[in-house]
Structure formats: C-alpha cells, structure tokens
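Text of target_5.tsv (TSV, C-alpha atoms) as supplied:
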chain	number	residue	atom	x	y	z
A	1	MET	CA	0.00	0.00	0.00
A	2	LEU	CA	2.85	2.34	0.85
A	3	ALA	CA	4.50	1.54	-2.48
A	4	GLU	CA	1.25	2.31	-4.28
A	5	LEU	CA	0.87	5.63	-2.49
A	6	GLN	CA	4.43	6.53	-3.42
A	7	LEU	CA	3.79	5.54	-7.03
A	8	ILE	CA	0.69	7.73	-7.19
A	9	LYS	CA	2.61	10.62	-5.68
A	10	ASP	CA	5.41	10.15	-8.21
A	11	LEU	CA	2.91	10.01	-11.05
A	12	GLN	CA	1.40	13.30	-9.97
A	13	LEU	CA	4.69	15.17	-9.76
A	14	ALA	CA	6.20	16.51	-12.98
A	15	HIS	CA	9.84	15.57	-12.29
A	16	THR	CA	9.11	11.94	-11.29
A	17	ARG	CA	6.20	11.28	-13.63
A	18	GLU	CA	7.97	9.67	-16.57
A	19	LYS	CA	9.90	7.17	-14.46
A	20	ALA	CA	6.86	6.32	-12.37
A	21	PHE	CA	4.74	5.86	-15.47
A	22	THR	CA	7.28	3.44	-16.97
A	23	LEU	CA	7.14	1.44	-13.74
A	24	LEU	CA	3.36	1.52	-13.77
A	25	VAL	CA	3.17	0.26	-17.35
A	26	ASP	CA	5.71	-2.44	-16.68
A	27	THR	CA	3.88	-3.64	-13.58
A	28	TYR	CA	0.34	-3.72	-14.90
A	29	LYS	CA	0.55	-4.16	-18.68
A	30	GLU	CA	0.19	-7.92	-18.65
A	31	ARG	CA	-2.74	-8.17	-16.28
A	32	LEU	CA	-4.60	-5.34	-17.98
A	33	TYR	CA	-3.90	-6.82	-21.40
A	34	TRP	CA	-5.49	-10.15	-20.49
A	35	HIS	CA	-8.45	-8.44	-18.94
A	36	ILE	CA	-8.98	-6.42	-22.13
A	37	ARG	CA	-8.30	-9.38	-24.39
A	38	ARG	CA	-11.08	-11.38	-22.70
A	39	ILE	CA	-13.51	-8.62	-23.64
A	40	VAL	CA	-12.39	-7.78	-27.18
A	41	LEU	CA	-11.04	-11.27	-28.06
A	42	GLN	CA	-8.62	-10.22	-30.83
A	43	HIS	CA	-5.02	-9.27	-30.17
A	44	ASP	CA	-4.96	-6.17	-32.40
A	45	LEU	CA	-8.01	-4.72	-30.72
A	46	ALA	CA	-6.61	-5.55	-27.28
A	47	ASP	CA	-3.37	-3.77	-28.15
A	48	ASP	CA	-5.28	-0.63	-29.21
A	49	VAL	CA	-7.39	-0.66	-26.07
A	50	LEU	CA	-4.36	-1.23	-23.83
A	51	GLN	CA	-2.67	1.79	-25.41
A	52	ASN	CA	-5.79	3.91	-24.91
A	53	THR	CA	-6.08	2.71	-21.33
A	54	PHE	CA	-2.56	3.77	-20.40
A	55	ILE	CA	-2.99	7.12	-22.16
A	56	LYS	CA	-6.18	7.69	-20.15
A	57	VAL	CA	-4.37	6.71	-16.96
A	58	TYR	CA	-1.54	9.14	-17.78
A	59	THR	CA	-3.84	12.04	-18.59
A	60	ASN	CA	-6.17	11.52	-15.64
A	61	ILE	CA	-3.74	10.58	-12.89
A	62	GLY	CA	-3.99	14.14	-11.54
A	63	SER	CA	-7.66	13.62	-10.77
A	64	PHE	CA	-7.15	10.22	-9.10
A	65	LYS	CA	-8.28	10.78	-5.53
A	66	GLY	CA	-7.24	7.43	-4.07
A	67	GLU	CA	-10.81	6.48	-3.17
A	68	SER	CA	-10.11	3.03	-4.62
A	69	LYS	CA	-6.89	1.15	-5.25
A	70	LEU	CA	-4.89	2.35	-8.24
A	71	TYR	CA	-5.14	-1.10	-9.75
A	72	SER	CA	-8.96	-1.14	-9.46
A	73	TRP	CA	-9.13	2.33	-10.95
A	74	MET	CA	-7.05	1.21	-13.95
A	75	TYR	CA	-9.21	-1.89	-14.34
A	76	ARG	CA	-12.27	0.31	-14.48
A	77	ILE	CA	-10.69	2.49	-17.16
A	78	ALA	CA	-9.67	-0.62	-19.12
A	79	THR	CA	-13.17	-2.08	-18.89
A	80	ASN	CA	-14.80	1.14	-20.06
A	81	GLU	CA	-12.28	1.57	-22.85
A	82	ALA	CA	-12.76	-2.00	-24.07
A	83	LEU	CA	-16.55	-1.78	-24.10
A	84	THR	CA	-16.53	1.63	-25.77
A	85	TYR	CA	-14.05	0.40	-28.37
A	86	LEU	CA	-16.20	-2.63	-29.16
A	87	LYS	CA	-19.31	-0.51	-29.53
A	88	THR	CA	-17.50	1.96	-31.79
A	89	GLU	CA	-16.06	-0.80	-33.97
A	90	ALA	CA	-19.47	-2.46	-34.23
A	91	LYS	CA	-21.06	0.83	-35.26
A	92	LYS	CA	-18.36	1.44	-37.86
A	93	GLY	CA	-19.12	-1.91	-39.46
A	94	GLY	CA	-22.86	-1.29	-39.31
A	95	TYR	CA	-23.50	-4.02	-36.73
A	96	ASN	CA	-25.05	-4.02	-33.32
A	97	LEU	CA	-22.84	-5.24	-30.48
A	98	GLY	CA	-24.27	-8.77	-30.46
A	99	GLU	CA	-23.77	-9.22	-34.21
A	100	PHE	CA	-20.25	-7.84	-33.96
A	101	GLN	CA	-19.33	-10.32	-31.23
A	102	VAL	CA	-20.68	-13.25	-33.27
A	103	LYS	CA	-18.50	-12.06	-36.16
A	104	GLN	CA	-15.48	-11.90	-33.89
A	105	LEU	CA	-16.09	-15.38	-32.53
A	106	GLU	CA	-16.33	-16.72	-36.06
A	107	GLY	CA	-12.98	-15.12	-36.78
A	108	LEU	CA	-11.34	-16.76	-33.76
A	109	GLN	CA	-10.79	-20.09	-35.53
A	110	ALA	CA	-8.62	-18.38	-38.09
A	111	ASP	CA	-6.85	-16.16	-35.53
A	112	VAL	CA	-3.16	-17.02	-35.23
A	113	TYR	CA	-3.23	-15.87	-31.62
A	114	PHE	CA	-5.91	-18.31	-30.60
A	115	GLU	CA	-4.78	-21.80	-29.70
A	116	GLY	CA	-8.01	-23.28	-28.49
A	117	ASP	CA	-9.63	-26.47	-29.69
A	118	GLN	CA	-13.32	-26.95	-30.43
A	119	ILE	CA	-14.19	-27.15	-26.74
A	120	ALA	CA	-12.32	-23.91	-25.96
A	121	LEU	CA	-14.09	-22.23	-28.85
A	122	ALA	CA	-17.46	-23.50	-27.64
A	123	LEU	CA	-16.69	-22.09	-24.18
A	124	GLN	CA	-15.78	-18.71	-25.66
A	125	LYS	CA	-19.05	-18.69	-27.58
A	126	ALA	CA	-20.93	-19.56	-24.41
A	127	ILE	CA	-19.17	-16.75	-22.52
A	128	ALA	CA	-20.00	-14.30	-25.30
A	129	SER	CA	-23.67	-15.24	-24.96
A	130	LEU	CA	-23.74	-14.04	-21.35
A	131	PRO	CA	-25.11	-10.59	-20.46
A	132	GLU	CA	-22.34	-7.96	-20.26
A	133	LYS	CA	-22.03	-7.78	-16.48
A	134	GLN	CA	-22.13	-11.54	-15.94
A	135	ARG	CA	-19.48	-11.93	-18.63
A	136	MET	CA	-17.23	-9.43	-16.87
A	137	VAL	CA	-17.71	-11.08	-13.50
A	138	PHE	CA	-17.06	-14.54	-14.91
A	139	ASN	CA	-13.91	-13.50	-16.78
A	140	MET	CA	-12.40	-11.64	-13.86
A	141	ARG	CA	-13.33	-14.25	-11.29
A	142	TYR	CA	-12.64	-17.43	-13.24
A	143	TYR	CA	-9.71	-16.49	-15.47
A	144	GLN	CA	-8.00	-13.82	-13.43
A	145	GLU	CA	-9.02	-15.14	-10.02
A	146	LEU	CA	-9.66	-11.67	-8.67
A	147	PRO	CA	-11.16	-11.58	-5.18
A	148	TYR	CA	-14.77	-10.45	-4.90
A	149	GLU	CA	-13.73	-7.41	-2.87
A	150	GLN	CA	-11.63	-6.14	-5.77
A	151	LEU	CA	-14.35	-6.97	-8.27
A	152	SER	CA	-16.71	-4.97	-6.12
A	153	GLU	CA	-14.43	-1.93	-6.41
A	154	ILE	CA	-14.00	-2.33	-10.16
A	155	LEU	CA	-17.60	-2.97	-11.10
A	156	ASN	CA	-19.14	-0.86	-8.35
A	157	THR	CA	-21.40	-3.72	-7.26
A	158	SER	CA	-21.90	-5.36	-3.88
A	159	VAL	CA	-20.04	-8.59	-3.11
A	160	GLY	CA	-23.37	-10.38	-2.69
A	161	GLY	CA	-24.53	-9.19	-6.10
A	162	LEU	CA	-21.26	-10.34	-7.68
A	163	LYS	CA	-21.54	-13.79	-6.13
A	164	ALA	CA	-25.05	-14.09	-7.49
A	165	SER	CA	-23.88	-12.94	-10.94
A	166	TYR	CA	-21.05	-15.47	-10.95
A	167	HIS	CA	-23.35	-18.27	-9.88
A	168	LEU	CA	-25.86	-17.37	-12.59
A	169	ALA	CA	-23.09	-17.13	-15.19
A	170	ILE	CA	-21.85	-20.65	-14.36
A	171	LYS	CA	-25.37	-22.03	-14.60
A	172	LYS	CA	-25.98	-20.36	-17.96
A	173	LEU	CA	-22.64	-21.53	-19.33
A	174	LYS	CA	-23.38	-25.12	-18.37
A	175	LYS	CA	-26.79	-24.89	-19.98
A	176	HIS	CA	-25.37	-23.31	-23.13
A	177	LEU	CA	-22.64	-25.94	-23.46
A	178	GLU	CA	-25.08	-28.80	-22.93
A	179	SER	CA	-27.46	-27.54	-25.59
A	180	HIS	CA	-24.81	-26.75	-28.24
B	28	MET	CA	21.13	-13.58	45.11
B	29	LYS	CA	20.25	-16.80	43.38
B	30	ALA	CA	20.68	-16.83	39.57
B	31	ARG	CA	17.37	-17.19	37.69
B	32	LYS	CA	17.12	-20.29	35.55
B	33	LEU	CA	16.15	-19.49	31.94
B	34	PRO	CA	13.30	-21.53	30.44
B	35	ILE	CA	14.30	-24.06	27.82
B	36	GLN	CA	13.47	-22.74	24.31
B	37	PRO	CA	11.37	-25.43	22.67
B	38	PHE	CA	11.61	-23.94	19.15
B	39	LYS	CA	14.56	-24.24	16.81
B	40	ILE	CA	15.45	-22.67	13.49
B	41	PRO	CA	17.44	-24.13	10.62
B	42	THR	CA	21.19	-23.52	10.86
B	43	GLY	CA	22.18	-20.30	9.08
B	44	TYR	CA	18.55	-19.20	8.65
B	45	LEU	CA	18.98	-15.74	10.14
B	46	GLU	CA	22.28	-15.13	8.36
B	47	GLY	CA	20.71	-15.91	5.02
B	48	PHE	CA	17.40	-14.09	5.65
B	49	LYS	CA	16.34	-11.72	2.88
B	50	VAL	CA	13.06	-10.02	2.12
B	51	SER	CA	11.91	-10.96	-1.33
B	52	LEU	CA	9.63	-8.22	-2.55
B	53	PRO	CA	7.18	-9.30	-5.25
B	54	GLN	CA	8.10	-7.44	-8.43
B	55	LYS	CA	4.93	-8.12	-10.31
B	56	GLU	CA	1.61	-9.54	-9.36
B	57	LYS	CA	1.48	-13.14	-10.40
B	58	LEU	CA	-0.90	-14.00	-13.19
B	59	SER	CA	-3.28	-16.87	-12.62
B	60	ALA	CA	-2.44	-20.05	-14.49
B	61	ARG	CA	-5.47	-19.80	-16.76
B	62	SER	CA	-5.47	-16.03	-17.24
B	63	ASN	CA	-4.47	-16.21	-20.90
B	64	LYS	CA	-5.71	-19.59	-22.11
B	65	PRO	CA	-6.55	-20.20	-24.98
B	66	PHE	CA	-5.33	-16.83	-26.25
B	67	THR	CA	-1.75	-15.98	-27.16
B	68	THR	CA	0.18	-12.87	-28.18
B	69	PRO	CA	3.07	-12.19	-30.53
B	70	GLU	CA	6.24	-13.67	-28.99
B	71	THR	CA	7.86	-10.52	-27.62
B	72	TYR	CA	4.72	-8.44	-27.29
B	73	PHE	CA	4.99	-7.68	-23.57
B	74	LYS	CA	8.75	-7.20	-23.72
B	75	ASP	CA	8.40	-4.67	-26.53
B	76	PHE	CA	5.24	-3.01	-25.30
B	77	LYS	CA	5.51	0.75	-25.03
B	78	VAL	CA	2.79	3.32	-24.72
B	79	ALA	CA	2.80	5.48	-27.82
B	80	MET	CA	1.95	8.75	-26.18
B	81	PRO	CA	0.53	11.38	-28.56
B	82	GLN	CA	2.76	14.46	-28.88
B	83	THR	CA	0.25	16.94	-27.54
B	84	ILE	CA	-0.87	14.97	-24.54
B	85	SER	CA	-0.18	16.10	-21.00
B	86	PRO	CA	-1.52	14.93	-17.68
B	87	THR	CA	-4.31	16.85	-16.07
B	88	VAL	CA	-3.20	19.53	-13.72
B	89	LYS	CA	-5.29	20.36	-10.71
B	90	VAL	CA	-7.14	23.46	-11.75
B	91	VAL	CA	-8.69	25.77	-9.22
B	92	SER	CA	-12.12	26.49	-10.52
B	93	LEU	CA	-12.47	30.20	-11.13
B	94	TYR	CA	-16.14	29.69	-11.55
B	95	LYS	CA	-16.52	28.27	-8.02
B	96	LYS	CA	-14.18	30.74	-6.39
B	97	TYR	CA	-15.60	33.84	-7.96
B	98	SER	CA	-19.18	32.74	-8.56
B	99	TRP	CA	-20.55	34.91	-5.74
B	100	MET	CA	-18.61	37.89	-7.06
B	101	ALA	CA	-19.94	37.29	-10.56
B	102	ALA	CA	-23.48	36.95	-9.23
B	103	ALA	CA	-23.10	40.19	-7.26
B	104	ALA	CA	-21.71	41.97	-10.33
B	105	VAL	CA	-24.59	40.77	-12.51
B	106	LEU	CA	-27.11	41.80	-9.87
B	107	PHE	CA	-25.53	45.24	-9.62
B	108	ILE	CA	-25.60	45.70	-13.40
B	109	ILE	CA	-29.25	44.64	-13.57
B	110	MET	CA	-30.22	46.96	-10.71
B	111	ALA	CA	-28.24	49.88	-12.11
B	112	THR	CA	-29.63	49.36	-15.61
B	113	THR	CA	-33.19	49.06	-14.30
B	114	PHE	CA	-32.85	52.14	-12.10
B	115	PHE	CA	-31.41	54.30	-14.83
B	116	THR	CA	-33.79	52.97	-17.46
B	117	ILE	CA	-36.87	53.60	-15.32
B	118	GLY	CA	-35.55	56.95	-14.23
B	119	ASN	CA	-34.91	58.07	-17.79
B	120	PHE	CA	-37.78	56.32	-19.46
B	121	PRO	CA	-40.04	59.30	-20.16
B	122	ASN	CA	-37.14	61.20	-21.71
B	123	THR	CA	-35.84	58.37	-23.81
B	124	ASN	CA	-36.10	59.64	-27.33
B	125	LYS	CA	-32.81	58.28	-28.58
B	126	ASP	CA	-34.46	55.32	-30.32
B	127	PRO	CA	-37.94	56.29	-31.48
B	128	ILE	CA	-38.57	52.85	-32.99
B	129	ALA	CA	-37.89	51.11	-29.69
B	130	ALA	CA	-40.01	53.65	-27.81
B	131	ALA	CA	-42.86	53.12	-30.27
B	132	ALA	CA	-42.60	49.37	-29.82
B	133	ILE	CA	-42.81	49.76	-26.05
B	134	ASP	CA	-45.84	52.07	-26.36
B	135	GLU	CA	-47.51	49.58	-28.65
B	136	TYR	CA	-46.87	46.83	-26.15
B	137	TRP	CA	-48.43	48.81	-23.33
B	138	GLU	CA	-51.46	49.62	-25.46
B	139	TYR	CA	-51.80	45.97	-26.30
B	140	ALA	CA	-51.35	44.87	-22.72
B	141	THR	CA	-53.95	47.23	-21.32
B	142	ASP	CA	-56.43	47.40	-24.19
B	143	ALA	CA	-56.33	43.81	-25.26
B	144	LEU	CA	-59.49	43.14	-23.30
B	145	THR	CA	-62.28	44.94	-25.10
B	146	THR	CA	-65.56	45.86	-23.48
B	147	TYR	CA	-67.12	42.96	-25.29
B	148	ASP	CA	-64.53	40.59	-23.82
B	149	MET	CA	-65.17	41.93	-20.36
B	150	ALA	CA	-68.93	41.52	-20.79
B	151	ALA	CA	-68.56	37.98	-22.03
B	152	PHE	CA	-66.30	37.20	-19.07
B	153	ILE	CA	-68.79	38.59	-16.58
B	154	ILE	CA	-71.75	36.75	-18.13
B	155	GLU	CA	-69.91	33.45	-18.11
B	156	ASN	CA	-68.88	33.83	-14.50
B	157	THR	CA	-72.23	35.07	-13.41
B	158	THR	CA	-73.84	31.98	-14.92
B	159	ALA	CA	-71.40	29.88	-13.01
B	160	LEU	CA	-72.26	31.80	-9.85
B	161	ASP	CA	-75.97	31.30	-10.49
B	162	HIS	CA	-75.43	27.57	-10.68
B	163	ASN	CA	-73.60	27.70	-7.43
B	164	THR	CA	-76.33	29.76	-5.87
B	165	LEU	CA	-78.93	27.24	-7.00
B	166	ALA	CA	-76.86	24.47	-5.60
B	167	SER	CA	-76.54	26.36	-2.35
B	168	GLU	CA	-80.25	26.96	-2.18
B	169	GLY	CA	-80.93	23.30	-2.85
B	170	LEU	CA	-78.53	22.33	-0.17
B	171	GLU	CA	-80.09	24.71	2.30
B	172	SER	CA	-83.61	23.41	1.70
B	173	TYR	CA	-82.31	19.84	1.96
B	174	LEU	CA	-80.66	20.62	5.26
B	175	GLU	CA	-83.79	22.33	6.53
B	176	SER	CA	-86.01	19.38	5.70
B	177	SER	CA	-83.64	16.61	6.73
B	178	LEU	CA	-82.17	17.82	9.93
B	179	HIS	CA	-84.02	17.97	13.18
B	180	PRO	CA	-85.25	21.46	13.82
B	181	VAL	CA	-83.02	23.17	16.25
B	182	GLU	CA	-84.74	25.01	18.98
B	183	VAL	CA	-84.04	28.66	18.85
B	184	ILE	CA	-82.30	29.59	21.99
B	185	ASN	CA	-83.73	32.60	23.59
B	186	LEU	CA	-80.87	34.57	24.88
B	187	TYR	CA	-83.16	37.19	26.34
B	188	ARG	CA	-85.01	35.27	29.01
B	189	ASP	CA	-86.75	38.34	30.29
B	190	GLY	CA	-88.17	39.14	26.89
B	191	ASN	CA	-86.05	42.25	26.59
B	192	GLU	CA	-84.74	42.48	23.14
Output the file's structure as structure tokens, nothing else.
Amino acid sequence: MLAELQLIKDLQLAHTREKAFTLLVDTYKERLYWHIRRIVLQHDLADDVLQNTFIKVYTNIGSFKGESKLYSWMYRIATNEALTYLKTEAKKGGYNLGEFQVKQLEGLQADVYFEGDQIALALQKAIASLPEKQRMVFNMRYYQELPYEQLSEILNTSVGGLKASYHLAIKKLKKHLESH
Amino acid sequence: MKARKLPIQPFKIPTGYLEGFKVSLPQKEKLSARSNKPFTTPETYFKDFKVAMPQTISPTVKVVSLYKKYSWMAAAAVLFIIMATTFFTIGNFPNTNKDPIAAAAIDEYWEYATDALTTYDMAAFIIENTTALDHNTLASEGLESYLESSLHPVEVINLYRDGNE
C-alpha cells in the first residue's frame, strides 16, 4: 500500500512522472492486457485498447483521488475503454454489439493468436452469450481469479450481487454448453 | 542472590537461517495459471510493449475552478448591473427619445397589454362567471332546503329570558 501511495505521488509530480509511469506500465501491462483481451477477443483490438487505457491513466492521474486502489481504478478504465471500443467498432461496421461479437467469434478459428480447440471455442461462444455484467464477472473471477472485494471496487457492485452474478453465469454456461 | 534459571526454548530454526534471511519483494503480481488460455500474443509483445503517447498529450493539472471561487462575485456583479440598468432605465424612461422605434414598440406593447381586453370581452367574461355563480347559488339553495327538511329542527335559543330584546 505504501509503495502504491508513493507511485501515485510520483505520477502526480512533474519531475518523477515519466519514471513512475514506466514502472506503472511495466507492472500492470500484462494483467490489464489479459483483462482487455477477454472482452475484445482479438489481439490487435486488445493492443489498441491497452494503449488507450494507459494514455487515459496518464492524462487523468492528476484527478485520481485514491478512493479506490490504483489497480482497481485502472481496471475500471480498461473495462470502459474495451466496451466503448467494441461498440464503436461495431457501429463502424454497421453491426449491433451482439452481431459484432458473433462475427469476432467466427474469426477466432482463423486467428493465429488463438490456440483453443473446439471445446475452448465453444466455451468462448458460451461466454460471449452471457449478459455484459455476468461476462465481466465470470472472466475476472474465473480467469483472473480476482477476489470479490476487488471486483466490487472495479464494477461498483456489492459482493453479494457479484456472487449471485457469478453463480448465474456458471449455470448459464453449463446450460449453453449442454445444448450446443 | 540466586541466579534465575532461563526456560528451555522449545523452538529451533534451521542452521544459518537468520544469516541468510532476505526479504523478497514481489516485483509483479502473479498471473493466474489460466489467465491467458486459450489466447496468445506475438512472442515478444509484452517485452516490446511501449505506450505510444501522442505528442500533444499532457496529464491533467489540478485546476482551481475560477467559476466556483468567484461565482458569488460574478453573481453580485450581474445583480448590480441589472439593478443599475433598471434604475437608470426607469428613471430616464419618459425622456428616452434616442431610439424612437424602440419607444414606439414599447408604447404599442403597453397599449396591447392594457387594451387587449375589449368591453365585449369583459362583458362575455362577466356573463360566463355570473352563470357559473348562479349555478352555485342554485346548488346552495338546494342544499339549504335539503338541510332544513332533513335535519331535526333546532330550537331557537332565547338569549333574552326576560323578553327584553
């Protein structure tokens, strides 16, 4: 916690900012990338969103009040950026979000950065069929093993609500996989 | 004085443990084993990753809101201007001949505002409302007669027992 406070302080001061930002990027790039990648699915899109996320972090660090952990704050930015990016891309192509995601899933088989078999692909399709919030909760809880307390900070939802969402998501996934 | 006997320490530590003790600070948060599966990235993606910061970008600086700080002053200034303008305008109104078109427009407005209701309009208004009043009166009369017939007659109390009125 002390290290995080120091990092925030360094990020907010002009003469220490660049060094602190390099440290920040180096520390969190991987975790944020995988969080984003689970939402946007394709590497190129994830790379764009990760760039945008760090730029947003850099430009808004002055207004970070420390009401949540820095990490949770960055996760929130990354989530918003990823969802906004998806919606914008869908709109550009003349699709709604659902149609765009189906198109992306179809493209996964040919994606060189996807190593899943048929079962993995079926699971990704099942995850994509979940409502947005349940999908987020499932990805962050199952794949990234984030504690509910941190999820609560990121998604601004109660721990009880998150547990219910996760439970529902698992049930829906099972049902989806059984019927497909 | 008798020397105090120290209690036997039941715990032991490995030989050389304290000499070799070092704090190992975690450099990066560990990723979960399934965080990336089944997705992959280009081989050196994370090693090469750099944020391509746009040239014009700069972090937000804490800005003291002038609006908040001086809002009461601005409000006071606006109020003063309105009051001063109103006072001088009203005070000079009869002599304002600088813009005859504007003055004519104002006169026209006042004529409209006061004369918009013609005698006919007023008469129509009165008749309509009188009719409404009549209805009410009828209703009141009906109600009175109903009350008279339905309620038990109340004995008139003679306040003047001696018959002196």
Residues of chain A within 7 Å of chain B, only C-alpha atoms counted, as a short mmCIF file (atom, residue, chain, number, x, y, z; two decimals) with C-alpha atoms, keeping the file's coordinate frame:
data_model
loop_
_atom_site.label_atom_id
_atom_site.label_comp_id
_atom_site.auth_asym_id
_atom_site.auth_seq_id
_atom_site.Cartn_x
_atom_site.Cartn_y
_atom_site.Cartn_z
CA THR A 27 3.88 -3.64 -13.58
CA GLU A 30 0.19 -7.92 -18.65
CA ARG A 31 -2.74 -8.17 -16.28
CA TRP A 34 -5.49 -10.15 -20.49
CA HIS A 43 -5.02 -9.27 -30.17
CA GLN A 51 -2.67 1.79 -25.41
CA PHE A 54 -2.56 3.77 -20.40
CA ILE A 55 -2.99 7.12 -22.16
CA TYR A 58 -1.54 9.14 -17.78
CA THR A 59 -3.84 12.04 -18.59
CA ASN A 60 -6.17 11.52 -15.64
CA ILE A 61 -3.74 10.58 -12.89
CA GLY A 62 -3.99 14.14 -11.54
CA TYR A 113 -3.23 -15.87 -31.62
CA PHE A 114 -5.91 -18.31 -30.60
CA GLU A 115 -4.78 -21.80 -29.70
CA GLY A 116 -8.01 -23.28 -28.49
CA ALA A 120 -12.32 -23.91 -25.96
CA TYR A 143 -9.71 -16.49 -15.47
CA GLN A 144 -8.00 -13.82 -13.43
CA GLU A 145 -9.02 -15.14 -10.02
#
Work out how far atom CA of Glu178 of chain A is from atom CA of Ile119 of chain A, in Å to one decimal.
->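 Between these atoms lies a distance of 11.7 Å.
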Distance of atom CA of Leu24 of chain A from atom CA of Leu50 of chain A, expressed in Å to one decimal place = 13.0 Å
Go ahead and compute the interatomic distance for atom CA of Leu105 of chain A and atom CA of Ala126 of chain A, in Å to one decimal.
->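 Between atom CA of Leu105 of chain A and atom CA of Ala126 of chain A the gap works out to 10.3 Å.
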Leaving out segment 162-174 of chain A and any residue of its chain fewer than 4 positions from it, which residues lie within 12 Å of it when counting only C-alpha atoms, given as a JSON list (two decimals) with C-alpha atoms, in the frame of the given file?
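Written out: out-v6.json:
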[["chain", "number", "residue", "atom", "x", "y", "z"],
["A", 122, "ALA", "CA", -17.46, -23.50, -27.64],
["A", 123, "LEU", "CA", -16.69, -22.09, -24.18],
["A", 124, "GLN", "CA", -15.78, -18.71, -25.66],
["A", 125, "LYS", "CA", -19.05, -18.69, -27.58],
["A", 126, "ALA", "CA", -20.93, -19.56, -24.41],
["A", 127, "ILE", "CA", -19.17, -16.75, -22.52],
["A", 128, "ALA", "CA", -20.00, -14.30, -25.30],
["A", 129, "SER", "CA", -23.67, -15.24, -24.96],
["A", 130, "LEU", "CA", -23.74, -14.04, -21.35],
["A", 131, "PRO", "CA", -25.11, -10.59, -20.46],
["A", 132, "GLU", "CA", -22.34, -7.96, -20.26],
["A", 133, "LYS", "CA", -22.03, -7.78, -16.48],
["A", 134, "GLN", "CA", -22.13, -11.54, -15.94],
["A", 135, "ARG", "CA", -19.48, -11.93, -18.63],
["A", 136, "MET", "CA", -17.23, -9.43, -16.87],
["A", 137, "VAL", "CA", -17.71, -11.08, -13.50],
["A", 138, "PHE", "CA", -17.06, -14.54, -14.91],
["A", 139, "ASN", "CA", -13.91, -13.50, -16.78],
["A", 140, "MET", "CA", -12.40, -11.64, -13.86],
["A", 141, "ARG", "CA", -13.33, -14.25, -11.29],
["A", 142, "TYR", "CA", -12.64, -17.43, -13.24],
["A", 146, "LEU", "CA", -9.66, -11.67, -8.67],
["A", 147, "PRO", "CA", -11.16, -11.58, -5.18],
["A", 148, "TYR", "CA", -14.77, -10.45, -4.90],
["A", 149, "GLU", "CA", -13.73, -7.41, -2.87],
["A", 150, "GLN", "CA", -11.63, -6.14, -5.77],
["A", 151, "LEU", "CA", -14.35, -6.97, -8.27],
["A", 152, "SER", "CA", -16.71, -4.97, -6.12],
["A", 153, "GLU", "CA", -14.43, -1.93, -6.41],
["A", 154, "ILE", "CA", -14.00, -2.33, -10.16],
["A", 155, "LEU", "CA", -17.60, -2.97, -11.10],
["A", 156, "ASN", "CA", -19.14, -0.86, -8.35],
["A", 157, "THR", "CA", -21.40, -3.72, -7.26],
["A", 158, "SER", "CA", -21.90, -5.36, -3.88],
["A", 178, "GLU", "CA", -25.08, -28.80, -22.93],
["A", 179, "SER", "CA", -27.46, -27.54, -25.59],
["A", 180, "HIS", "CA", -24.81, -26.75, -28.24]]
Will you model all heavy atoms for segment 46-51 of chain A and pass it back as a PDB file, in the frame of the given file?
ATOM      1  N   ALA A  46      -7.078  -5.622 -28.673  1.00  0.00           N
ATOM      2  CA  ALA A  46      -6.610  -5.550 -27.280  1.00  0.00           C
ATOM      3  C   ALA A  46      -5.421  -4.599 -27.168  1.00  0.00           C
ATOM      4  O   ALA A  46      -5.318  -3.837 -26.199  1.00  0.00           O
ATOM      5  CB  ALA A  46      -6.233  -6.945 -26.793  1.00  0.00           C
ATOM      6  N   ASP A  47      -4.541  -4.647 -28.157  1.00  0.00           N
ATOM      7  CA  ASP A  47      -3.370  -3.770 -28.150  1.00  0.00           C
ATOM      8  C   ASP A  47      -3.811  -2.301 -28.207  1.00  0.00           C
ATOM      9  O   ASP A  47      -3.313  -1.455 -27.453  1.00  0.00           O
ATOM     10  CB  ASP A  47      -2.472  -4.123 -29.335  1.00  0.00           C
ATOM     11  CG  ASP A  47      -1.214  -3.268 -29.349  1.00  0.00           C
ATOM     12  OD1 ASP A  47      -0.623  -3.070 -28.272  1.00  0.00           O
ATOM     13  OD2 ASP A  47      -0.831  -2.782 -30.430  1.00  0.00           O
ATOM     14  N   ASP A  48      -4.760  -2.005 -29.108  1.00  0.00           N
ATOM     15  CA  ASP A  48      -5.280  -0.630 -29.210  1.00  0.00           C
ATOM     16  C   ASP A  48      -5.886  -0.165 -27.896  1.00  0.00           C
ATOM     17  O   ASP A  48      -5.626   0.956 -27.434  1.00  0.00           O
ATOM     18  CB  ASP A  48      -6.367  -0.545 -30.300  1.00  0.00           C
ATOM     19  CG  ASP A  48      -5.759  -0.474 -31.694  1.00  0.00           C
ATOM     20  OD1 ASP A  48      -4.524  -0.334 -31.794  1.00  0.00           O
ATOM     21  OD2 ASP A  48      -6.526  -0.578 -32.674  1.00  0.00           O
ATOM     22  N   VAL A  49      -6.699  -1.037 -27.310  1.00  0.00           N
ATOM     23  CA  VAL A  49      -7.390  -0.660 -26.070  1.00  0.00           C
ATOM     24  C   VAL A  49      -6.391  -0.491 -24.925  1.00  0.00           C
ATOM     25  O   VAL A  49      -6.527   0.424 -24.107  1.00  0.00           O
ATOM     26  CB  VAL A  49      -8.485  -1.696 -25.707  1.00  0.00           C
ATOM     27  CG1 VAL A  49      -9.129  -1.362 -24.368  1.00  0.00           C
ATOM     28  CG2 VAL A  49      -9.544  -1.747 -26.790  1.00  0.00           C
ATOM     29  N   LEU A  50      -5.381  -1.350 -24.887  1.00  0.00           N
ATOM     30  CA  LEU A  50      -4.360  -1.230 -23.830  1.00  0.00           C
ATOM     31  C   LEU A  50      -3.628   0.108 -23.946  1.00  0.00           C
ATOM     32  O   LEU A  50      -3.379   0.790 -22.945  1.00  0.00           O
ATOM     33  CB  LEU A  50      -3.381  -2.399 -23.918  1.00  0.00           C
ATOM     34  CG  LEU A  50      -2.354  -2.502 -22.787  1.00  0.00           C
ATOM     35  CD1 LEU A  50      -3.038  -2.739 -21.437  1.00  0.00           C
ATOM     36  CD2 LEU A  50      -1.359  -3.633 -23.042  1.00  0.00           C
ATOM     37  N   GLN A  51      -3.305   0.482 -25.178  1.00  0.00           N
ATOM     38  CA  GLN A  51      -2.670   1.790 -25.410  1.00  0.00           C
ATOM     39  C   GLN A  51      -3.569   2.922 -24.895  1.00  0.00           C
ATOM     40  O   GLN A  51      -3.117   3.795 -24.152  1.00  0.00           O
ATOM     41  CB  GLN A  51      -2.430   1.997 -26.923  1.00  0.00           C
ATOM     42  CG  GLN A  51      -1.325   1.163 -27.517  1.00  0.00           C
ATOM     43  CD  GLN A  51       0.067   1.706 -27.219  1.00  0.00           C
ATOM     44  OE1 GLN A  51       0.212   2.839 -26.790  1.00  0.00           O
ATOM     45  NE2 GLN A  51       1.082   0.880 -27.435  1.00  0.00           N
TER      46      GLN A  51
END
